[in-house]
Amino acid sequence: MKLTLGTATLSLALLASTPFMGTLSFPQNAYAQQSIPESSVLVKQDVLRKTLGNGLRVIVVKDPLAPVVTAQISYLVGSNQAPNGFPGTAHALEHMMFRGSTGLDKDQLAVLGAQLGGSYNAFTTENITQYYYTAPAEDLNIMLKIEALRMGGLSINAADWEKERGAIEQEVSRDLSNPIYKYVSELQKIMFDGTPYEHDALGTRPSFNKTTAAMLRKFYETYYAPNNAILVISGDINPQQAIEQVEKDFSAIPRKDIPQAKPFTLKPIKAQTLTYPTDFPTSLVTIAWRMPGEKSKNFAVADILSDVISSQRGALYGLVPQGKALMADFEYVPKGDVGFGVAIAAFPKGQDYKPVLNEVKQILQNIHDHGVPSELVEAAKRKEIASLAFSANSITGLASSWSTALAFQGLNDPNEMAAAYQAVTPEQVNALAKQILNPEEAITAILTPENSGKPISNKGYGGAESFASVPDKPVKLPEWAENALKKLNIPKESAAPTDMTLSNGIRLIVQPLHVSNTISIFGEIRQNPSLQEGKDKEGIADITDEMFKYGTKSLDRLAFRKAVDDIAADVSAGSSFSLSVLTPEFDRGVQLLADNELNPAFDQKFFDIVKQQTSQSLVGLYQSPGYHFSRAITKAINPPNDPSLRQPNPQQVMKLTLNDLNEFYKKSYRPDLTTIVVAGNITPEQAKSTVEKYFGQWKAEGPKPDLNMPKRPNSKSSYVHVPDKSAVQNSVALVESIDLDIHHPDHYLLNLGNEVLSGGFAGRFYKDLRVKTGYVYNVNSDFTWSQTRGAYSITFGADPDKVSLARKAALKDLSAMQTSPITEDELQLAKASLLRSIPLQESSVSGIAGRYLTYTSLGLPLNSSHLAAESYYKATAVDVQKAFQTYIRPQDLAQIIKGPATP
């Protein structure tokens with residue numbers, strides 16, 4: 001579940017910890033005795049398993065979606081196994097796993113990570129630490145060799161830990177600057193006091209200050225062993241050959257005696273109310289309860305209960321269309337042996353929290369007393385089981401589903417979860433609701449926005465700065481890696497989709513993909529509200545998008561949601577629209593999508609509610625630090641009175657009429673500005689026939705509008721500080737406009753140079769701002785392109801006293817791109833990274849569709865990835881230097897800071 005509050009999107013699960021929310025050591029295989037009905041087996045996968053002699057469990061799942069492979073190795077250890085007083089030990093060790101090992105030092109590892117061109121990272125939870133890599137399928141042997149070397153002999157020394165300590169403390173500062181993180185941390189302490197779960201996996205700055213390299217070495221030698229790990233590999237590979245490679249690399253690593261987890265007892269919970277100031281644009285009320293963990297026998301029941309409570313057909317979400325809340329939802333956060341659930345409602349800043357809180361309490365009390373509707377239980381079961389079919393639509397997602405099942409849930413197979421969902425009864429759901437939703441054990445929280453002050457600006461930093469040179473030596477890779485990666489190749493051009501234009505102007509792109517029994521639609525209507533909204537009509541585009549949630553002319557909101565639930569589909573409509581559905585239900589799914597998109601109800605009652613909610617949200621948004629930060633960035637790179645600076649006025653929004661909405665819809669929702677991508681288990685002929693059947697009557701009226709922004713002058717240096725009382729760490733953006741657009745070939749050269757600067761662990765920024773100095777936790781730079789404009793940004797998070805140092809280091813690296821050519825090693829590394837990353841764009845159905853939609857919106861050919869590869873392949877270091885000299889202006893970079901004052 002994600003909360004969208006103005007421009008801020010929050011997820012408790014992500015903010016409470018890292019991507020997965022824990023898992024555990026409860027009874028093994030809680031669902032192993034249940035069978036799955038044949039009709040429920042939605043994914044028949046080519047799976048090969050083997051347990052090596054040293055105990056390493058290996059699962060290889062073939063997925064021919066793209067020439068890509070994902071490897072995920074999950075160690076069954078996390079913060080719960082950390083020494084008392086050092087809750088971040090597992091997290092610290094996760095960081096040190098990127099500092100090199102016997103046979104592969106940290107510089108070589110960084111270069112390999114960049115050269116493979118994939119996604120390479122890790123996360124730590126209470127019981128699991130996972131390392132994952134996604135790269136071209138041909139490089140699986142490299143990925144496995146890296147993980148085997150790290151498992152067999154990690155390099156942990158005091159000097160490296162001292163450097164990494166600075167970076168990890170910046171990560172702690174970043175999370176402590178997030179009010180939701182602080183709330184969830186205290187909630188976890190109350191829920192699980194006296195158990196290992198009272199702390200999350202992040203750790204604390206005081207404990208890191210006391211942590212030594214010797215402590216990390218002991219933790220590594222105790223828990224990092226093949227018999228305490230699960231390796232999942234998925235992608236377009238030969239499973240038997242993959243198993244043989246794993247045996248070759250891992251078999252010699254000895255098993256270890258792993259300490260058993262100590263049992264614990266949960267203490268009773270007493271109801272209490274917490275209060276927190278935030279930097280959000282809206283207020284929040286939450287009510288939380290303790291719930292079962294992922295390995296509990298009641299996990300499936302708890303998951304279904306959560307789905308029912310959060311259903312758009314349920315009473316909690318119903319507070320939104322009633323105008324009683326800006327947002328309402330329920331999130332279940334399972335953490336292995338334990339878990340918690342949170343009911344959340346947002347309301348306008350400045351309003352009394354009591355009415356909203358009382359509404360939420362009454363709804364949950366009614367569920368506690370009387371249970372939930374049986375039809376919503378059955379709908380949730382269908383949806384959860386159907387979701388298994390979609391796992392093969394992403395190579396990474398498929399690996400994650402297996403890792404979750406085996407490492408986090410203690411199962412043998414993801415489909416065992418289907419059996420558990422299939423067996424859930426309404427009686428079980430109601431019994432669990434009766435047990436859990438006890439008002440005497442509820443933890444209530446009120447999160448209220450506070451004013452942090454107005455942004456402070458001045459003319460900026462001018463003048464030249466002097467930097468001492470830092471020598472950078474070429475990195476020699478081990479022979480096994482050098483031989484595999486030394487040759488650069490332009491990736492093979494993927495099979496072209498069927499591309500057609502329907503009679504009404506819709507561009508239909510069809511990509512058959514026979515990896516699952518599902519079909520997905522991704523659609524986009526090209527719009528530019530800055531140019532399409534009339535004078536004093538700002539905000540009508542957002543209101544129009546929101547109104548699609550309220551049903552169609554033939555089906556009201558609840559009837560429409562029921563029709564979608566009946567086919568276990570996901571449907572969303574608006575300027576961007578989508579459908580995910582099982583193949584047999586494709587016709588019905590497209591019918592519902594088209595009905596929602598072409599025949600929205602646009603009811604006066606709901607329009608008045610949405611208009612009021614939008615106005616109220618804007619009032620709070622315009623006072624929030626996050627808004628002032630993003631607004632300052634927009635103003636820094638655009639001239640005064642630029643269309644991009646238009647924004648809705650809360651008072652003017654209240655004057656908008658239903659006629660304004662209908663006029664905007666009529667003019668801006670046009671088939672000749674629409675692209676629909678159909679991907680999945682379907683032929684082009686079938687896709688065309690069905691889309692024409694339901695979208696064919698849609699007609700455009702009047703001339704097609706020009707939606708391209710005008711050219712703009714180069715921006716100049718400026719400085720803005722946005723105070724944020726809730727932040728411990730500063731968020732920093734260095735930005736400027738670029739006199740270049742997506743259609744100029746030089747933009748490829750800038751992208752290539754940016755890979756040298758910001759290409760992951762081997763990038764100049766990462767090495768100079770994190771690895772060598774510990775100034776920051778993360779640093780990124782990026783170019784953004786449109787048909788008429790370009791912009792460049794450097795972003796990082798740092799403690800106030802390190803902002804200036806980090807900025808100077810970043811500008812030094814940027815200026816160096818202009819004063820001398822990049823080295824041949826850097827050029828080859830950047831090329832390898834970008835060339836090898838191109839196939840990864842096809843590693844998920846959504847990625848394939850998203851790429852096509854991006855190309856069509858930018859007026860680019862569908863084979864633009866191949867054209868980019870050819871440009872990268874032939875580029876020289878001198879070409880890159882000239883591009884940076886021509887277009888980048890370090891002296892004009894504006895600096896925007898959000899957070900505490902800097903020295």
# chains A, B, ... in the order shown; residues from 1 in each chain; ligands from 1

$ residues_around --residues "Thr425 of chain A" --least-positions-apart "4" --cutoff "9 Å" --atoms "only C-alpha atoms" --output "JSON, numbers by chain"
{"A": [301, 374, 377, 378, 421, 429, 430]}

$ write_last_selection --atoms "C-alpha atoms" --output "CSV table (one decimal), in the first residue's frame"
chain,number,residue,atom,x,y,z
A,301,VAL,CA,-5.7,-15.5,6.9
A,374,SER,CA,-17.9,-13.2,2.6
A,377,VAL,CA,-13.0,-12.6,1.3
A,378,GLU,CA,-13.6,-14.6,-1.9
A,421,TYR,CA,-5.1,-18.7,0.3
A,429,VAL,CA,-11.0,-14.3,8.8
A,430,ASN,CA,-13.7,-13.2,11.2

$ closest_atom_pairs --of "segment 544-572 of chain A" --to "segment 659-671 of chain A" --cutoff "10 Å" --atoms "only C-alpha atoms" --output "Markdown table"
| residue | atom | partner | partner_atom | distance |
| --- | --- | --- | --- | --- |
| A:Thr544 | CA | A:Leu661 | CA | 6.2 |
| A:Asp545 | CA | A:Tyr665 | CA | 9.4 |
| A:Met547 | CA | A:Leu661 | CA | 9.5 |

$ closest_residue --among "A:Leu65, A:Val342, A:Leu376, A:Val333" --to "Gly397 of chain A" --atoms "only C-alpha atoms"
A:Leu65

$ residues_around --residues "Arg789 of chain A" --least-positions-apart "3" --cutoff "7 Å" --atoms "only C-alpha atoms" --output "count of residues only"
6

$ closest_atom_pairs --of "segment 753-773 of chain A" --to "segment 816-840 of chain A" --cutoff "8 Å" --atoms "only C-alpha atoms" --output "tab-separated table"
residue	atom	partner	partner_atom	distance
A:Gly753	CA	A:Ala830	CA	7.7
A:Glu755	CA	A:Ala830	CA	5.5
A:Val756	CA	A:Ala830	CA	5.7
A:Gly759	CA	A:Ala830	CA	7.3

$ write_last_selection --atoms "N, CA and C atoms" --output "short mmCIF file (atom, residue, chain, number, x, y, z; two decimals), in the first residue's frame"
data_model
loop_
_atom_site.label_atom_id
_atom_site.label_comp_id
_atom_site.auth_asym_id
_atom_site.auth_seq_id
_atom_site.Cartn_x
_atom_site.Cartn_y
_atom_site.Cartn_z
N GLY A 753 28.79 10.16 -20.62
CA GLY A 753 29.62 10.81 -19.61
C GLY A 753 29.01 10.73 -18.23
N GLU A 755 27.38 8.33 -17.07
CA GLU A 755 27.65 6.99 -16.55
C GLU A 755 29.03 6.95 -15.88
N VAL A 756 29.98 7.71 -16.40
CA VAL A 756 31.29 7.82 -15.77
C VAL A 756 31.16 8.48 -14.40
N GLY A 759 27.78 6.13 -12.44
CA GLY A 759 27.50 4.74 -12.79
C GLY A 759 27.68 3.80 -11.63
#

$ residues_around --residues "segment 134-140 of chain A" --least-positions-apart "6" --cutoff "7 Å" --atoms "only C-alpha atoms" --output "PDB file with N, CA and C atoms, in the first residue's frame"
ATOM      1  N   PRO A  67      16.812 -11.932 -22.514  1.00  0.00           N
ATOM      2  CA  PRO A  67      18.145 -12.508 -22.269  1.00  0.00           C
ATOM      3  C   PRO A  67      18.788 -11.911 -21.020  1.00  0.00           C
ATOM      4  N   VAL A  68      18.127 -12.135 -19.898  1.00  0.00           N
ATOM      5  CA  VAL A  68      18.494 -11.521 -18.629  1.00  0.00           C
ATOM      6  C   VAL A  68      18.427 -12.579 -17.541  1.00  0.00           C
ATOM      7  N   VAL A  69      19.223 -12.403 -16.489  1.00  0.00           N
ATOM      8  CA  VAL A  69      19.194 -13.322 -15.359  1.00  0.00           C
ATOM      9  C   VAL A  69      19.266 -12.530 -14.062  1.00  0.00           C
ATOM     10  N   THR A  70      18.554 -13.014 -13.058  1.00  0.00           N
ATOM     11  CA  THR A  70      18.620 -12.453 -11.707  1.00  0.00           C
ATOM     12  C   THR A  70      19.113 -13.535 -10.762  1.00  0.00           C
ATOM     13  N   ALA A  71      20.057 -13.190  -9.907  1.00  0.00           N
ATOM     14  CA  ALA A  71      20.513 -14.093  -8.851  1.00  0.00           C
ATOM     15  C   ALA A  71      20.286 -13.407  -7.512  1.00  0.00           C
ATOM     16  N   LEU A 116      28.937  -4.905 -15.665  1.00  0.00           N
ATOM     17  CA  LEU A 116      27.859  -5.845 -15.959  1.00  0.00           C
ATOM     18  C   LEU A 116      26.575  -5.110 -16.349  1.00  0.00           C
ATOM     19  N   GLY A 117      26.468  -3.847 -15.957  1.00  0.00           N
ATOM     20  CA  GLY A 117      25.360  -3.035 -16.422  1.00  0.00           C
ATOM     21  C   GLY A 117      24.027  -3.319 -15.781  1.00  0.00           C
ATOM     22  N   GLY A 118      24.010  -4.053 -14.695  1.00  0.00           N
ATOM     23  CA  GLY A 118      22.741  -4.435 -14.098  1.00  0.00           C
ATOM     24  C   GLY A 118      22.455  -3.758 -12.781  1.00  0.00           C
ATOM     25  N   SER A 119      21.488  -4.335 -12.090  1.00  0.00           N
ATOM     26  CA  SER A 119      21.104  -3.849 -10.771  1.00  0.00           C
ATOM     27  C   SER A 119      21.803  -4.720  -9.736  1.00  0.00           C
ATOM     28  N   TYR A 120      22.601  -4.086  -8.871  1.00  0.00           N
ATOM     29  CA  TYR A 120      23.450  -4.833  -7.946  1.00  0.00           C
ATOM     30  C   TYR A 120      23.357  -4.184  -6.586  1.00  0.00           C
ATOM     31  N   GLY A 235      15.663 -16.571 -15.027  1.00  0.00           N
ATOM     32  CA  GLY A 235      15.967 -15.877 -16.264  1.00  0.00           C
ATOM     33  C   GLY A 235      16.053 -16.818 -17.438  1.00  0.00           C
ATOM     34  N   ASP A 236      16.525 -16.290 -18.557  1.00  0.00           N
ATOM     35  CA  ASP A 236      16.606 -17.063 -19.789  1.00  0.00           C
ATOM     36  C   ASP A 236      17.933 -17.811 -19.823  1.00  0.00           C
ATOM     37  N   ILE A 237      17.999 -18.876 -19.037  1.00  0.00           N
ATOM     38  CA  ILE A 237      19.221 -19.652 -18.863  1.00  0.00           C
ATOM     39  C   ILE A 237      18.905 -21.135 -18.929  1.00  0.00           C
ATOM     40  N   ARG A 836      25.269  -3.211 -21.785  1.00  0.00           N
ATOM     41  CA  ARG A 836      24.747  -4.398 -21.118  1.00  0.00           C
ATOM     42  C   ARG A 836      23.425  -4.120 -20.405  1.00  0.00           C
ATOM     43  N   PRO A 839      19.465  -4.802 -22.609  1.00  0.00           N
ATOM     44  CA  PRO A 839      18.546  -5.952 -22.527  1.00  0.00           C
ATOM     45  C   PRO A 839      17.719  -5.960 -21.243  1.00  0.00           C
ATOM     46  N   LEU A 840      18.221  -5.335 -20.178  1.00  0.00           N
ATOM     47  CA  LEU A 840      17.489  -5.325 -18.918  1.00  0.00           C
ATOM     48  C   LEU A 840      16.175  -4.562 -19.024  1.00  0.00           C
TER      49      LEU A 840
END

$ closest_residue --among "A:Ile443, A:Ala568, A:Leu144, A:Ala302" --to "Ala380 of chain A" --atoms "only C-alpha atoms"
A:Ala568

$ select_by_dssp --residues "segment 79-272 of chain A" --states "alpha helix (DSSP H)" --output "ChimeraX atom specification"
/A:89-96,106-115,140-152,158-176,179-191,205-210,213-223,239-250

$ select_by_dssp --residues "segment 262-459 of chain A" --states "strand (DSSP E)" --output "PyMOL selection string"
chain A and resi 272-278+282-292+327-334+338-348+443-449+456-458

$ closest_residue --among "A:Pro710, A:Pro226, A:Gly103, A:Pro439" --to "Gln787 of chain A" --atoms "only C-alpha atoms"
A:Pro710

$ closest_atom_pairs --of "segment 834-896 of chain A" --to "segment 488-508 of chain A" --cutoff "10 Å" --atoms "only C-alpha atoms" --output "tab-separated table"
residue	atom	partner	partner_atom	distance
A:Leu835	CA	A:Ile490	CA	6.4
A:Arg836	CA	A:Pro491	CA	7.3
A:Ser837	CA	A:Pro491	CA	9.4
A:Ile838	CA	A:Pro491	CA	7.3
A:Pro839	CA	A:Pro491	CA	7.2
A:Glu842	CA	A:Ser494	CA	8.9
A:Tyr852	CA	A:Pro497	CA	9.5
A:Thr856	CA	A:Arg507	CA	9.0
A:Leu862	CA	A:Ala496	CA	8.0
A:Asn863	CA	A:Ala496	CA	7.7
A:Ser865	CA	A:Glu493	CA	8.4
A:His866	CA	A:Glu493	CA	6.1
A:Leu867	CA	A:Glu493	CA	9.6
A:Ala868	CA	A:Ile490	CA	9.7
A:Ala869	CA	A:Ile490	CA	6.0
A:Glu870	CA	A:Ile490	CA	6.7
A:Ser871	CA	A:Ile490	CA	9.8
A:Tyr872	CA	A:Ile490	CA	9.0
A:Tyr873	CA	A:Ile490	CA	7.0

$ closest_residue --among "A:Asn227, A:Thr124, A:Thr583, A:Thr674" --to "Trp698 of chain A" --atoms "only C-alpha atoms"
A:Thr674

$ closest_residue --among "A:Leu814, A:Ile609, A:Ala601, A:Ala883" --to "Asn751 of chain A" --atoms "only C-alpha atoms"
A:Ala883

$ residues_around --residues "Tyr353 of chain A" --least-positions-apart "2" --cutoff "10 Å" --atoms "only C-alpha atoms" --output "number ranges by chain"
A: 283-285, 345-351, 355-358, 446-448

$ write_last_selection --atoms "C-alpha atoms" --output "mmCIF file, in the first residue's frame"
data_model
loop_
_atom_site.group_PDB
_atom_site.id
_atom_site.type_symbol
_atom_site.label_atom_id
_atom_site.label_comp_id
_atom_site.auth_asym_id
_atom_site.auth_seq_id
_atom_site.Cartn_x
_atom_site.Cartn_y
_atom_site.Cartn_z
ATOM 1 C CA SER A 283 -2.452 15.196 8.687
ATOM 2 C CA LEU A 284 -2.675 11.480 9.433
ATOM 3 C CA VAL A 285 -4.376 9.291 12.002
ATOM 4 C CA ALA A 345 -6.545 7.962 7.157
ATOM 5 C CA ALA A 346 -5.418 11.364 5.902
ATOM 6 C CA PHE A 347 -7.274 14.611 6.443
ATOM 7 C CA PRO A 348 -6.604 18.292 5.700
ATOM 8 C CA LYS A 349 -3.938 20.137 7.615
ATOM 9 C CA GLY A 350 -5.388 22.251 10.411
ATOM 10 C CA GLN A 351 -8.565 20.221 10.914
ATOM 11 C CA PRO A 355 -13.919 13.091 13.673
ATOM 12 C CA VAL A 356 -11.685 11.110 11.307
ATOM 13 C CA LEU A 357 -10.236 9.011 14.118
ATOM 14 C CA ASN A 358 -13.706 8.190 15.430
ATOM 15 C CA ILE A 446 -1.697 11.443 15.322
ATOM 16 C CA LEU A 447 0.799 12.812 12.791
ATOM 17 C CA THR A 448 0.415 16.561 12.385
#

$ residues_around --residues "Ala433 of chain A" --least-positions-apart "6" --cutoff "8 Å" --atoms "only C-alpha atoms" --output "ChimeraX atom specification"
/A:305,367-368,371

$ atom_distance --atom1 "atom CA of Asp706 of chain A" --atom2 "atom CA of Ser857 of chain A"
12.4 Å

$ residues_around --residues "Ala810 of chain A" --least-positions-apart "5" --cutoff "10 Å" --atoms "only C-alpha atoms" --output "ChimeraX atom specification"
/A:734,757,764-766,768-769,779,781,794-796,804-805,815-816
